[in-house]
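S.K.: protein_23.tsv (TSV, C-alpha atoms) pasted underneath:
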chain	number	residue	atom	x	y	z
A	1	MET	CA	22.19	41.69	-19.84
A	2	SER	CA	18.84	42.45	-21.36
A	3	GLN	CA	15.76	43.28	-19.33
A	4	PHE	CA	14.26	39.94	-20.43
A	5	GLU	CA	17.26	38.11	-18.95
A	6	ILE	CA	17.10	39.97	-15.65
A	7	VAL	CA	13.39	39.28	-15.17
A	8	LEU	CA	13.86	35.66	-16.25
A	9	LEU	CA	16.73	35.10	-13.80
A	10	LEU	CA	14.97	36.76	-10.87
A	11	GLY	CA	11.75	34.88	-11.66
A	12	MET	CA	13.34	31.45	-12.03
A	13	ALA	CA	15.54	31.97	-8.97
A	14	SER	CA	12.70	33.07	-6.69
A	15	ILE	CA	10.29	30.36	-7.87
A	16	THR	CA	12.90	27.63	-7.40
A	17	PHE	CA	13.99	28.93	-4.01
A	18	ALA	CA	10.38	29.27	-2.82
A	19	ILE	CA	9.70	25.64	-3.76
A	20	ARG	CA	12.79	24.42	-1.91
A	21	TYR	CA	12.53	26.66	1.14
A	22	THR	CA	8.83	26.98	2.02
A	23	LEU	CA	8.59	23.72	3.96
A	24	PHE	CA	11.92	24.23	5.72
A	25	ALA	CA	10.74	27.69	6.75
A	26	VAL	CA	7.37	26.75	8.19
A	27	GLY	CA	8.62	23.53	9.76
A	28	ASP	CA	6.07	21.81	11.95
A	29	ARG	CA	3.24	24.22	11.30
A	30	VAL	CA	2.22	22.48	8.09
A	31	ARG	CA	0.44	19.15	7.69
A	32	PHE	CA	-0.28	17.58	4.33
A	33	SER	CA	-3.49	15.67	3.77
A	34	PRO	CA	-2.90	11.94	3.17
A	35	LEU	CA	-3.85	12.39	-0.50
A	36	VAL	CA	-1.29	15.16	-1.04
A	37	GLN	CA	1.36	13.13	0.77
A	38	GLN	CA	0.61	10.12	-1.38
A	39	ALA	CA	0.65	12.23	-4.56
A	40	LEU	CA	3.97	13.90	-3.65
A	41	GLY	CA	5.53	10.45	-3.49
A	42	TYR	CA	4.93	10.00	-7.22
A	43	VAL	CA	6.14	13.44	-8.31
A	44	PRO	CA	9.86	12.70	-8.84
A	45	VAL	CA	9.25	9.52	-10.83
A	46	ALA	CA	6.49	11.13	-12.93
A	47	VAL	CA	8.42	14.34	-13.72
A	48	LEU	CA	11.79	12.72	-14.38
A	49	THR	CA	10.21	10.02	-16.58
A	50	ALA	CA	8.23	12.64	-18.49
A	51	ILE	CA	11.55	14.39	-19.20
A	52	ILE	CA	13.61	11.35	-20.22
A	53	VAL	CA	11.15	9.30	-22.30
A	54	PRO	CA	10.67	11.94	-25.04
A	55	ALA	CA	14.43	12.63	-24.91
A	56	MET	CA	15.00	8.95	-25.73
A	57	LEU	CA	12.18	8.30	-28.20
A	58	MET	CA	12.11	11.61	-30.04
A	59	PRO	CA	15.51	13.29	-29.59
A	60	GLY	CA	15.05	15.41	-32.73
A	61	GLY	CA	11.81	16.79	-31.30
A	62	GLU	CA	9.98	15.88	-34.48
A	63	GLY	CA	8.16	12.58	-34.08
A	64	LEU	CA	9.17	9.15	-32.85
A	65	GLU	CA	12.54	7.76	-33.90
A	66	LEU	CA	12.19	4.09	-33.05
A	67	THR	CA	15.19	2.94	-35.07
A	68	PRO	CA	18.67	1.61	-34.25
A	69	SER	CA	20.11	4.82	-35.69
A	70	ASN	CA	18.69	6.67	-32.67
A	71	ALA	CA	21.64	6.57	-30.25
A	72	TYR	CA	19.54	8.19	-27.48
A	73	LEU	CA	17.15	5.23	-27.60
A	74	VAL	CA	19.95	2.65	-27.65
A	75	GLY	CA	21.84	4.40	-24.83
A	76	GLY	CA	18.60	4.90	-22.89
A	77	VAL	CA	17.66	1.22	-23.05
A	78	VAL	CA	21.17	0.30	-21.90
A	79	ALA	CA	20.83	2.80	-19.01
A	80	VAL	CA	17.51	1.25	-17.93
A	81	LEU	CA	19.01	-2.26	-18.02
A	82	ILE	CA	22.17	-1.33	-16.10
A	83	ALA	CA	20.15	0.64	-13.52
A	84	ALA	CA	17.65	-2.21	-13.08
A	85	PHE	CA	20.29	-4.87	-12.55
A	86	SER	CA	23.01	-2.93	-10.72
A	87	ARG	CA	21.08	-0.12	-8.98
A	88	ASN	CA	24.41	1.69	-9.21
A	89	LEU	CA	24.16	5.27	-10.45
A	90	LEU	CA	27.79	5.72	-11.45
A	91	LEU	CA	27.81	2.45	-13.41
A	92	THR	CA	24.56	3.47	-15.11
A	93	ILE	CA	25.95	6.86	-16.16
A	94	PHE	CA	29.32	5.54	-17.35
A	95	GLY	CA	28.02	2.38	-19.03
A	96	SER	CA	25.20	4.04	-20.93
A	97	MET	CA	27.28	7.06	-21.97
A	98	LEU	CA	30.00	4.77	-23.27
A	99	VAL	CA	27.45	2.82	-25.34
A	100	PHE	CA	25.85	6.08	-26.50
A	101	PHE	CA	29.10	7.62	-27.74
A	102	LEU	CA	30.39	4.38	-29.30
A	103	TRP	CA	27.06	3.99	-31.07
A	104	ARG	CA	27.15	7.53	-32.43
A	105	TRP	CA	30.79	7.17	-33.44
A	106	TRP	CA	29.96	3.91	-35.22
A	107	LEU	CA	26.97	5.52	-36.93
A	108	PHE	CA	28.49	8.83	-37.94
A	109	GLY	CA	32.19	7.99	-37.97
B	1	MET	CA	40.82	18.06	11.33
B	2	SER	CA	37.67	18.86	13.25
B	3	ALA	CA	34.73	16.48	13.22
B	4	LYS	CA	32.69	19.08	11.35
B	5	THR	CA	35.25	19.30	8.54
B	6	THR	CA	35.39	15.50	8.35
B	7	ALA	CA	31.59	15.32	8.00
B	8	LEU	CA	31.67	18.06	5.36
B	9	LEU	CA	34.34	16.24	3.35
B	10	ARG	CA	32.50	12.92	3.63
B	11	GLY	CA	29.38	14.57	2.23
B	12	ALA	CA	31.41	15.91	-0.68
B	13	ARG	CA	33.11	12.54	-1.23
B	14	ASP	CA	29.83	10.60	-1.28
B	15	THR	CA	28.55	13.05	-3.90
B	16	VAL	CA	31.36	12.31	-6.37
B	17	PRO	CA	29.28	9.89	-8.52
B	18	MET	CA	26.65	12.62	-8.88
B	19	LEU	CA	29.34	15.15	-9.85
B	20	ILE	CA	30.43	12.89	-12.68
B	21	GLY	CA	26.85	12.66	-13.96
B	22	ALA	CA	26.37	16.43	-13.67
B	23	LEU	CA	29.67	17.23	-15.38
B	24	PRO	CA	28.68	16.66	-19.03
B	25	PHE	CA	25.20	17.95	-18.18
B	26	GLY	CA	26.68	21.25	-16.93
B	27	LEU	CA	29.00	21.48	-19.91
B	28	ILE	CA	26.16	21.05	-22.37
B	29	PHE	CA	24.00	23.50	-20.45
B	30	GLY	CA	26.68	26.17	-20.80
B	31	THR	CA	27.14	25.36	-24.46
B	32	LEU	CA	23.43	25.31	-25.31
B	33	ALA	CA	22.66	28.43	-23.28
B	34	VAL	CA	25.15	30.48	-25.25
B	35	ALA	CA	24.00	28.89	-28.52
B	36	SER	CA	20.36	29.71	-27.71
B	37	GLY	CA	21.19	33.39	-27.42
B	38	LEU	CA	21.51	33.81	-23.66
B	39	SER	CA	24.39	36.16	-22.79
B	40	LEU	CA	27.44	34.82	-20.94
B	41	PRO	CA	26.69	36.68	-17.67
B	42	ALA	CA	23.06	35.52	-17.76
B	43	THR	CA	24.17	31.93	-18.37
B	44	LEU	CA	26.56	31.99	-15.40
B	45	LEU	CA	24.07	33.80	-13.16
B	46	MET	CA	21.41	31.24	-14.00
B	47	SER	CA	23.63	28.45	-12.71
B	48	ALA	CA	24.62	30.53	-9.67
B	49	LEU	CA	21.13	31.75	-8.70
B	50	VAL	CA	18.68	29.14	-9.96
B	51	PHE	CA	20.88	26.03	-9.60
B	52	ALA	CA	18.37	23.54	-11.03
B	53	GLY	CA	19.80	21.58	-13.93
B	54	SER	CA	16.73	20.19	-15.63
B	55	ALA	CA	14.76	23.45	-15.30
B	56	GLN	CA	17.71	25.44	-16.68
B	57	PHE	CA	18.08	22.99	-19.52
B	58	ILE	CA	14.41	23.16	-20.46
B	59	ALA	CA	14.38	26.95	-20.09
B	60	VAL	CA	17.25	27.26	-22.54
B	61	SER	CA	15.54	25.05	-25.11
B	62	LEU	CA	12.38	27.14	-24.69
B	63	ILE	CA	14.35	30.40	-25.11
B	64	ALA	CA	15.82	28.99	-28.32
B	65	SER	CA	12.29	28.48	-29.65
B	66	GLY	CA	11.27	32.03	-28.70
B	67	THR	CA	9.01	31.23	-25.73
B	68	GLY	CA	7.64	34.04	-23.58
B	69	LEU	CA	8.44	34.82	-19.98
B	70	VAL	CA	5.21	33.58	-18.39
B	71	VAL	CA	5.50	30.11	-19.93
B	72	LEU	CA	9.18	29.93	-18.99
B	73	LEU	CA	8.38	30.68	-15.36
B	74	LEU	CA	5.39	28.30	-15.26
B	75	THR	CA	7.57	25.54	-16.67
B	76	THR	CA	10.20	26.25	-14.03
B	77	LEU	CA	7.51	25.87	-11.38
B	78	ILE	CA	6.27	22.53	-12.72
B	79	VAL	CA	9.68	21.03	-13.41
B	80	ASN	CA	11.00	22.01	-9.97
B	81	LEU	CA	7.91	21.10	-7.97
B	82	ARG	CA	9.47	17.73	-7.15
B	83	HIS	CA	11.93	19.60	-4.89
B	84	MET	CA	9.04	20.28	-2.54
B	85	LEU	CA	8.81	16.55	-2.00
B	86	TYR	CA	12.52	16.44	-1.25
B	87	SER	CA	12.23	19.24	1.29
B	88	ALA	CA	9.20	17.50	2.83
B	89	SER	CA	11.28	14.32	3.29
B	90	LEU	CA	14.23	16.20	4.77
B	91	MET	CA	12.16	18.57	6.95
B	92	PRO	CA	12.09	16.29	10.03
B	93	HIS	CA	15.90	16.18	9.97
B	94	VAL	CA	16.56	19.91	9.58
B	95	ARG	CA	13.71	21.43	11.58
B	96	HIS	CA	15.93	21.98	14.64
B	97	LEU	CA	18.43	24.07	12.66
B	98	PRO	CA	18.46	27.90	12.72
B	99	GLN	CA	17.34	29.76	9.57
B	100	ARG	CA	20.95	30.64	8.70
B	101	TRP	CA	21.38	26.92	8.02
B	102	LYS	CA	17.95	26.22	6.56
B	103	ILE	CA	18.16	28.97	3.94
B	104	PRO	CA	21.36	27.78	2.24
B	105	LEU	CA	20.50	24.09	2.64
B	106	ALA	CA	17.15	24.73	0.93
B	107	PHE	CA	18.71	26.84	-1.80
B	108	TRP	CA	21.21	24.05	-2.60
B	109	LEU	CA	18.68	21.19	-2.57
B	110	THR	CA	18.97	19.21	-5.82
B	111	ASP	CA	17.98	15.73	-7.02
B	112	GLU	CA	21.55	14.59	-6.55
B	113	SER	CA	22.23	16.00	-3.08
B	114	PHE	CA	18.82	14.81	-1.92
B	115	ALA	CA	19.63	11.25	-2.99
B	116	VAL	CA	22.96	11.31	-1.13
B	117	VAL	CA	21.85	13.23	1.97
B	118	HIS	CA	18.58	11.38	2.50
B	119	ARG	CA	20.45	8.08	2.59
B	120	HIS	CA	22.85	9.59	5.15
B	121	TYR	CA	20.03	10.80	7.41
B	122	LEU	CA	18.58	7.27	7.46
B	123	ASP	CA	21.96	5.79	8.48
B	124	PRO	CA	21.90	5.43	12.30
B	125	HIS	CA	25.69	5.31	12.75
B	126	PRO	CA	27.07	8.82	12.09
B	127	PRO	CA	26.56	11.31	14.93
B	128	LYS	CA	23.27	13.16	14.43
B	129	GLU	CA	24.59	16.61	15.32
B	130	LEU	CA	27.06	16.52	12.40
B	131	LYS	CA	24.69	15.44	9.65
B	132	HIS	CA	23.95	18.97	8.44
B	133	TRP	CA	27.67	19.40	7.86
B	134	TYR	CA	27.57	16.34	5.63
B	135	TYR	CA	24.53	17.86	3.84
B	136	LEU	CA	26.48	21.12	3.39
B	137	GLY	CA	29.48	19.23	1.97
B	138	SER	CA	27.32	17.48	-0.61
B	139	CYS	CA	25.73	20.81	-1.61
B	140	LEU	CA	29.02	22.69	-1.92
B	141	ALA	CA	30.45	19.94	-4.10
B	142	MET	CA	27.41	19.99	-6.41
B	143	TYR	CA	27.26	23.78	-6.54
B	144	SER	CA	30.91	24.43	-7.35
B	145	ASN	CA	30.94	21.57	-9.88
B	146	TRP	CA	27.80	22.91	-11.56
B	147	PHE	CA	29.09	26.45	-11.76
B	148	LEU	CA	32.51	25.46	-13.11
B	149	CYS	CA	30.98	23.12	-15.70
B	150	THR	CA	28.62	25.88	-16.85
B	151	LEU	CA	31.54	28.30	-17.20
B	152	LEU	CA	33.62	25.74	-19.08
B	153	GLY	CA	30.67	24.81	-21.32
B	154	ALA	CA	29.91	28.44	-22.14
B	155	LEU	CA	33.55	29.15	-23.01
B	156	LEU	CA	33.88	25.94	-25.03
B	157	GLY	CA	30.57	26.69	-26.75
B	158	ASN	CA	32.00	30.02	-27.90
B	159	ALA	CA	35.23	28.39	-29.07
B	160	LEU	CA	33.72	25.24	-30.66
B	161	PRO	CA	30.35	26.13	-32.16
B	162	GLY	CA	29.72	22.47	-33.12
B	163	LEU	CA	29.89	21.23	-29.51
B	164	ALA	CA	26.12	21.45	-29.07
B	165	ASP	CA	25.71	18.64	-31.62
B	166	TRP	CA	27.94	16.13	-29.82
B	167	GLY	CA	25.04	14.66	-27.86
B	168	LEU	CA	26.36	15.59	-24.41
B	169	ASP	CA	22.73	16.12	-23.42
B	170	PHE	CA	22.49	12.33	-23.20
B	171	ALA	CA	24.12	12.75	-19.76
B	172	MET	CA	20.79	14.06	-18.46
B	173	VAL	CA	18.99	10.96	-19.75
B	174	ALA	CA	21.63	8.70	-18.18
B	175	THR	CA	21.58	10.44	-14.79
B	176	PHE	CA	17.80	10.67	-14.48
B	177	THR	CA	17.40	7.05	-15.60
B	178	GLY	CA	19.87	6.02	-12.91
B	179	ILE	CA	17.80	7.93	-10.33
B	180	VAL	CA	14.34	6.79	-11.51
B	181	VAL	CA	14.78	3.07	-12.24
B	182	PRO	CA	15.74	2.06	-8.67
B	183	LEU	CA	12.62	3.90	-7.43
B	184	LEU	CA	10.31	1.65	-9.48
B	185	ARG	CA	9.91	-0.95	-6.76
B	186	THR	CA	6.11	-1.10	-6.54
B	187	ARG	CA	3.54	-1.65	-9.26
B	188	PRO	CA	1.84	1.76	-8.72
B	189	MET	CA	5.26	3.45	-9.08
B	190	LEU	CA	5.93	1.51	-12.27
B	191	LEU	CA	2.50	2.45	-13.60
B	192	ALA	CA	3.13	6.13	-12.75
B	193	ALA	CA	6.33	6.02	-14.82
B	194	VAL	CA	4.71	4.22	-17.78
B	195	VAL	CA	1.76	6.62	-17.88
B	196	ALA	CA	3.97	9.71	-17.48
B	197	GLY	CA	6.29	8.53	-20.26
B	198	LEU	CA	3.46	7.61	-22.61
B	199	VAL	CA	1.57	10.88	-22.09
B	200	ALA	CA	4.80	12.89	-22.43
B	201	VAL	CA	5.30	11.42	-25.90
B	202	LEU	CA	1.65	11.73	-26.96
B	203	ALA	CA	1.35	15.32	-25.73
B	204	TYR	CA	4.82	16.39	-26.86
B	205	ASP	CA	3.59	18.68	-29.62
B	206	LEU	CA	1.40	20.79	-27.33
B	207	PRO	CA	2.63	24.37	-27.02
B	208	TRP	CA	4.61	25.76	-24.07
B	209	LYS	CA	5.89	22.37	-22.84
B	210	LEU	CA	2.35	21.76	-21.58
B	211	GLY	CA	2.92	18.10	-22.43
B	212	LEU	CA	5.41	17.77	-19.59
B	213	MET	CA	2.96	19.24	-17.11
B	214	ILE	CA	0.08	17.01	-18.29
B	215	ALA	CA	2.31	13.93	-18.33
B	216	ALA	CA	3.50	14.56	-14.78
B	217	LEU	CA	-0.08	15.02	-13.55
B	218	ALA	CA	-1.24	11.90	-15.41
B	219	GLY	CA	1.62	9.85	-13.93
B	220	VAL	CA	0.96	11.05	-10.39
B	221	SER	CA	-2.80	10.39	-10.73
B	222	ALA	CA	-2.23	6.91	-12.16
B	223	GLY	CA	0.13	6.06	-9.28
B	224	VAL	CA	-2.26	7.34	-6.60
B	225	LEU	CA	-5.29	5.59	-8.15
B	226	ALA	CA	-3.41	2.31	-8.52
B	227	GLU	CA	-2.15	2.49	-4.93
B	228	ARG	CA	-5.67	3.14	-3.63
B	229	TRP	CA	-7.13	0.41	-5.84
B	230	LEU	CA	-4.58	-2.11	-4.59
B	231	ALA	CA	-5.15	-1.08	-0.98
B	232	ALA	CA	-8.88	-1.63	-1.45
B	233	GLN	CA	-8.33	-5.25	-2.46
B	234	PRO	CA	-5.84	-6.69	0.00
B	235	ALA	CA	-6.93	-10.30	-0.42
B	236	LYS	CA	-6.65	-10.32	-4.19
B	237	GLU	CA	-3.30	-8.57	-3.99
B	238	ALA	CA	-1.91	-11.23	-1.66
B	239	ILE	CA	-2.95	-13.95	-4.10
B	240	ASN	CA	-1.36	-12.14	-7.03
B	241	GLU	CA	1.88	-11.65	-5.11
B	242	SER	CA	2.13	-15.33	-4.28
B	243	VAL	CA	1.64	-16.55	-7.85
Produce structure tokens that represent the structure in this file.

M.R.:
Amino acid sequence: MSQFEIVLLLGMASITFAIRYTLFAVGDRVRFSPLVQQALGYVPVAVLTAIIVPAMLMPGGEGLELTPSNAYLVGGVVAVLIAAFSRNLLLTIFGSMLVFFLWRWWLFG
Amino acid sequence: MSAKTTALLRGARDTVPMLIGALPFGLIFGTLAVASGLSLPATLLMSALVFAGSAQFIAVSLIASGTGLVVLLLTTLIVNLRHMLYSASLMPHVRHLPQRWKIPLAFWLTDESFAVVHRHYLDPHPPKELKHWYYLGSCLAMYSNWFLCTLLGALLGNALPGLADWGLDFAMVATFTGIVVPLLRTRPMLLAAVVAGLVAVLAYDLPWKLGLMIAALAGVSAGVLAERWLAAQPAKEAINESV
């Protein structure tokens, strides 16, 4: 392993562990202000959405691809619909991946 | 079988849907990591020591584009910050445990295990003193699955160089969509998602994945402002709800 890899691994591992462990470690001794508490409630939705929307709309990383030939968009829309109506994670994953791969297979043969 | 083992196995069993979502995601991580120039030991160690799928995924795509260490670590911080919320929600349930439990349970805290374990802690029926065994079972299932998928992906990536183009990364979109959509139950939450998504696209071309950071902040701010605005007008809100 290169020195870059070692520093990267140690850095990523300690940052991630610190985020996950700090509150468990200090337990009761910490109190969040109401604003911080409120803001934390929006973090998962904001971060996860900020990851998936560009992955659906611009999978090539070079501009919007709002066309039916974008299987990520088609599969993503199907995932949103299944998740909204079923609220079932497994069904969402299976259903949208099936549509995604069929769509790509149909497009690219 | 002891009650502890039963709780552990139930935690693992209830995590099976998450394992299926993480499976292609882990495979593609292994494949992409090797393709982006990360060595095989570093790829495996990243899954073993960091154990954070989306951060690993983004790190690998940044490495492929030649990003420096500082930006990689900052991005890890931002992308994983949501885990602090998870630990804040679980803290009341684990605060009685000794550190030898808290350290591994914190290390293994992921989106998937949080979703499963949090639901279990809210369920009044199972005996309270066994719930951390359930938590541990969910974690061990996710961890071993993630590591094995990374290994398999890295080996497959070496054997089939074209695998990275199959679109297995769609599994991340599918899994995260399945987690996010059911959370969009209030209008501020919906607004937070719309703003975060919009800003993420608009700011996508900014260097160092700054767009992700800005989009997350914009989404959180929009949600908080909308919630406060709605709370400040209770009468109007009631009328809107009834229409």

S.K.: Rank nothing, just name the residue among A:Val77, A:Leu66, A:Ala71, A:Ile93 nearest to chain B, using only C-alpha atoms.

M.R.: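 With only C-alpha atoms as the atom set, the closest residue is A:Ile93.
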
S.K.: Name all residues at most 7 Å from Tyr135 in chain B (count all atoms listed in the file; drop same-chain ones fewer than 4 positions away) and give them as an NGL selection string.

M.R.: :B and (11 or 117 or 131 or 139)

S.K.: Put those residues in a file: C-alpha atoms, as a PDB file, in the frame of the given file.

M.R.:
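Dumped everything to result28.pdb:
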ATOM      1  CA  GLY B  11      29.380  14.570   2.230  1.00  0.00           C
ATOM      2  CA  VAL B 117      21.850  13.230   1.970  1.00  0.00           C
ATOM      3  CA  LYS B 131      24.690  15.440   9.650  1.00  0.00           C
ATOM      4  CA  CYS B 139      25.730  20.810  -1.610  1.00  0.00           C
TER       5      CYS B 139
END

S.K.: Can you pull out the residues contacting range 214-225 of chain B? Cut-off 8 Å, using all atoms listed in the file, and skip same-chain residues under 2 positions away; I want them as a PDB file with C-alpha atoms, in the frame of the given file.

M.R.:
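Result saved to around-v7.pdb:
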ATOM      1  CA  GLN A  38       0.610  10.120  -1.380  1.00  0.00           C
ATOM      2  CA  ALA A  39       0.650  12.230  -4.560  1.00  0.00           C
ATOM      3  CA  LEU A  40       3.970  13.900  -3.650  1.00  0.00           C
ATOM      4  CA  TYR A  42       4.930  10.000  -7.220  1.00  0.00           C
ATOM      5  CA  VAL A  43       6.140  13.440  -8.310  1.00  0.00           C
ATOM      6  CA  ALA A  46       6.490  11.130 -12.930  1.00  0.00           C
ATOM      7  CA  VAL A  47       8.420  14.340 -13.720  1.00  0.00           C
ATOM      8  CA  ALA A  50       8.230  12.640 -18.490  1.00  0.00           C
TER       9      ALA A  50
ATOM     10  CA  PRO B 188       1.840   1.760  -8.720  1.00  0.00           C
ATOM     11  CA  MET B 189       5.260   3.450  -9.080  1.00  0.00           C
ATOM     12  CA  LEU B 190       5.930   1.510 -12.270  1.00  0.00           C
ATOM     13  CA  LEU B 191       2.500   2.450 -13.600  1.00  0.00           C
ATOM     14  CA  ALA B 192       3.130   6.130 -12.750  1.00  0.00           C
ATOM     15  CA  ALA B 193       6.330   6.020 -14.820  1.00  0.00           C
ATOM     16  CA  VAL B 194       4.710   4.220 -17.780  1.00  0.00           C
ATOM     17  CA  VAL B 195       1.760   6.620 -17.880  1.00  0.00           C
ATOM     18  CA  ALA B 196       3.970   9.710 -17.480  1.00  0.00           C
ATOM     19  CA  GLY B 197       6.290   8.530 -20.260  1.00  0.00           C
ATOM     20  CA  LEU B 198       3.460   7.610 -22.610  1.00  0.00           C
ATOM     21  CA  VAL B 199       1.570  10.880 -22.090  1.00  0.00           C
ATOM     22  CA  ALA B 200       4.800  12.890 -22.430  1.00  0.00           C
ATOM     23  CA  ALA B 203       1.350  15.320 -25.730  1.00  0.00           C
ATOM     24  CA  LEU B 210       2.350  21.760 -21.580  1.00  0.00           C
ATOM     25  CA  GLY B 211       2.920  18.100 -22.430  1.00  0.00           C
ATOM     26  CA  LEU B 212       5.410  17.770 -19.590  1.00  0.00           C
ATOM     27  CA  GLU B 227      -2.150   2.490  -4.930  1.00  0.00           C
ATOM     28  CA  ARG B 228      -5.670   3.140  -3.630  1.00  0.00           C
ATOM     29  CA  TRP B 229      -7.130   0.410  -5.840  1.00  0.00           C
TER      30      TRP B 229
END

S.K.: Let me make sure I understand: among B:Gln56, B:Gln99, B:Ser61, B:Ser113, which one has the smallest atom-to-atom distance to Tyr21 in chain A if we use only C-alpha atoms?

M.R.: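 Once distances to Tyr21 in chain A are computed over only C-alpha atoms, the minimum belongs to B:Gln99.
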
S.K.: What is the CA of Arg95 in chain B to CA of Ser2 in chain B distance in Å?

M.R.: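 Between CA of Arg95 in chain B and CA of Ser2 in chain B the gap is 24.2 Å.
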
S.K.: Have a look at A:Leu9, A:Ala55, A:Ala25, A:Ile15 and name the one nearest to Pro41 in chain B; count only C-alpha atoms.

M.R.: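 Using only C-alpha atoms, Pro41 in chain B sits closest to A:Leu9.
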
S.K.: One decimal, in Å: what's the spacing between CA of Val180 in chain B and CA of Thr75 in chain B?

M.R.: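 For CA of Val180 in chain B relative to CA of Thr75 in chain B, the distance reads 20.6 Å.
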
S.K.: Would you mind listing what lies within 9 Å of Phe51 in chain B as a ChimeraX atom specification, with all atoms listed in the file counted and same-chain residues fewer than 6 positions away left out?

M.R.: /A:13,16 /B:107-110,143,146-147

S.K.: Hey, can you check how far CA of Thr15 in chain B sits from CA of Trp166 in chain B?

M.R.: 26.1 Å

S.K.: Could you give me, as an NGL selection string, the residues within 7 Å of Ala7 in chain B, counting only C-alpha atoms and dropping anything in the same chain fewer than 4 positions from it?

M.R.: :B and (3 or 11 or 130 or 133-134)

S.K.: Determine the nearest neighbour of Leu27 in chain B from the options B:Ala64, B:Met172, B:Val116, B:Val94, counting all atoms listed in the file.

M.R.: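 Smallest distance to Leu27 in chain B is found for B:Met172.
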
S.K.: With all atoms listed in the file as the basis for distance, which of A:Thr49, A:Ser33, A:Ser69, A:Asn88 is at the shortest distance from Leu107 in chain A?

M.R.: A:Ser69

S.K.: From the list A:Pro68, A:Pro54, A:Gly41, A:Gly95, which residue is nearest Leu81 in chain A when using only C-alpha atoms?

M.R.: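 The answer is A:Gly95, which sits nearest to Leu81 in chain A.
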
S.K.: Excluding same-chain residues fewer than 5 positions from Ala59 in chain B, what lies within 10 Å of it counting all atoms listed in the file, as a PyMOL selection string?

M.R.: (chain A and resi 8+12) or (chain B and resi 33+53-54+64-65+67+69+71-73+75-76)

S.K.: Please write as a ChimeraX atom specification the list of polymer residues whose atoms come within 10 Å of (17.4, 7.9, -18.3), counting only C-alpha atoms and keeping to the coordinates of the file.

M.R.: /A:48-49,51-53,55-56,72-73,75-80,83,92-93,96 /B:170-181

S.K.: Grab all the atoms of range 129-148 of chain B that the file lists, wrap them in a box along x, y and z, add 3 Å per side, and give me centre plus edge lengths in Å (one decimal) as lines of an AutoDock Vina configuration file.

M.R.:
center_x = 28.2
center_y = 20.9
center_z = 1.1
size_x = 14.6
size_y = 17.0
size_z = 34.4

S.K.: In the coordinate frame of the file, compute which residues have an atom within 12 Å of (26.6, 35.1, -28.2) when using all atoms listed in the file, and state them as JSON, numbers by chain.

M.R.: {"A": [1], "B": [30, 31, 32, 33, 34, 35, 36, 37, 38, 39, 40, 41, 42, 43, 154, 155, 157, 158, 159, 161]}

S.K.: Could you give me range 88-96 of chain B completed to N, CA, C and O atoms, formatted as a PDB file, in the coordinates of the input?

M.R.:
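Result file selection.pdb:
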ATOM      1  N   ALA B  88      10.116  18.111   1.874  1.00  0.00           N
ATOM      2  CA  ALA B  88       9.200  17.500   2.830  1.00  0.00           C
ATOM      3  C   ALA B  88       9.856  16.283   3.498  1.00  0.00           C
ATOM      4  O   ALA B  88       9.707  16.070   4.698  1.00  0.00           O
ATOM      5  N   SER B  89      10.622  15.509   2.709  1.00  0.00           N
ATOM      6  CA  SER B  89      11.280  14.320   3.290  1.00  0.00           C
ATOM      7  C   SER B  89      12.414  14.705   4.230  1.00  0.00           C
ATOM      8  O   SER B  89      12.685  14.002   5.184  1.00  0.00           O
ATOM      9  N   LEU B  90      13.089  15.818   3.934  1.00  0.00           N
ATOM     10  CA  LEU B  90      14.230  16.200   4.770  1.00  0.00           C
ATOM     11  C   LEU B  90      13.819  17.043   5.975  1.00  0.00           C
ATOM     12  O   LEU B  90      14.570  17.168   6.939  1.00  0.00           O
ATOM     13  N   MET B  91      12.605  17.630   5.911  1.00  0.00           N
ATOM     14  CA  MET B  91      12.160  18.570   6.950  1.00  0.00           C
ATOM     15  C   MET B  91      12.343  18.034   8.369  1.00  0.00           C
ATOM     16  O   MET B  91      12.858  18.757   9.231  1.00  0.00           O
ATOM     17  N   PRO B  92      11.939  16.768   8.649  1.00  0.00           N
ATOM     18  CA  PRO B  92      12.090  16.290  10.030  1.00  0.00           C
ATOM     19  C   PRO B  92      13.543  16.327  10.505  1.00  0.00           C
ATOM     20  O   PRO B  92      13.798  16.460  11.698  1.00  0.00           O
ATOM     21  N   HIS B  93      14.491  16.235   9.573  1.00  0.00           N
ATOM     22  CA  HIS B  93      15.900  16.180   9.970  1.00  0.00           C
ATOM     23  C   HIS B  93      16.522  17.561  10.137  1.00  0.00           C
ATOM     24  O   HIS B  93      17.559  17.690  10.792  1.00  0.00           O
ATOM     25  N   VAL B  94      15.942  18.577   9.514  1.00  0.00           N
ATOM     26  CA  VAL B  94      16.560  19.910   9.580  1.00  0.00           C
ATOM     27  C   VAL B  94      15.746  20.894  10.420  1.00  0.00           C
ATOM     28  O   VAL B  94      16.163  22.028  10.595  1.00  0.00           O
ATOM     29  N   ARG B  95      14.590  20.450  10.937  1.00  0.00           N
ATOM     30  CA  ARG B  95      13.710  21.430  11.580  1.00  0.00           C
ATOM     31  C   ARG B  95      14.332  22.065  12.811  1.00  0.00           C
ATOM     32  O   ARG B  95      13.978  23.182  13.165  1.00  0.00           O
ATOM     33  N   HIS B  96      15.309  21.408  13.442  1.00  0.00           N
ATOM     34  CA  HIS B  96      15.930  21.980  14.640  1.00  0.00           C
ATOM     35  C   HIS B  96      16.973  23.038  14.302  1.00  0.00           C
ATOM     36  O   HIS B  96      17.446  23.752  15.180  1.00  0.00           O
TER      37      HIS B  96
END
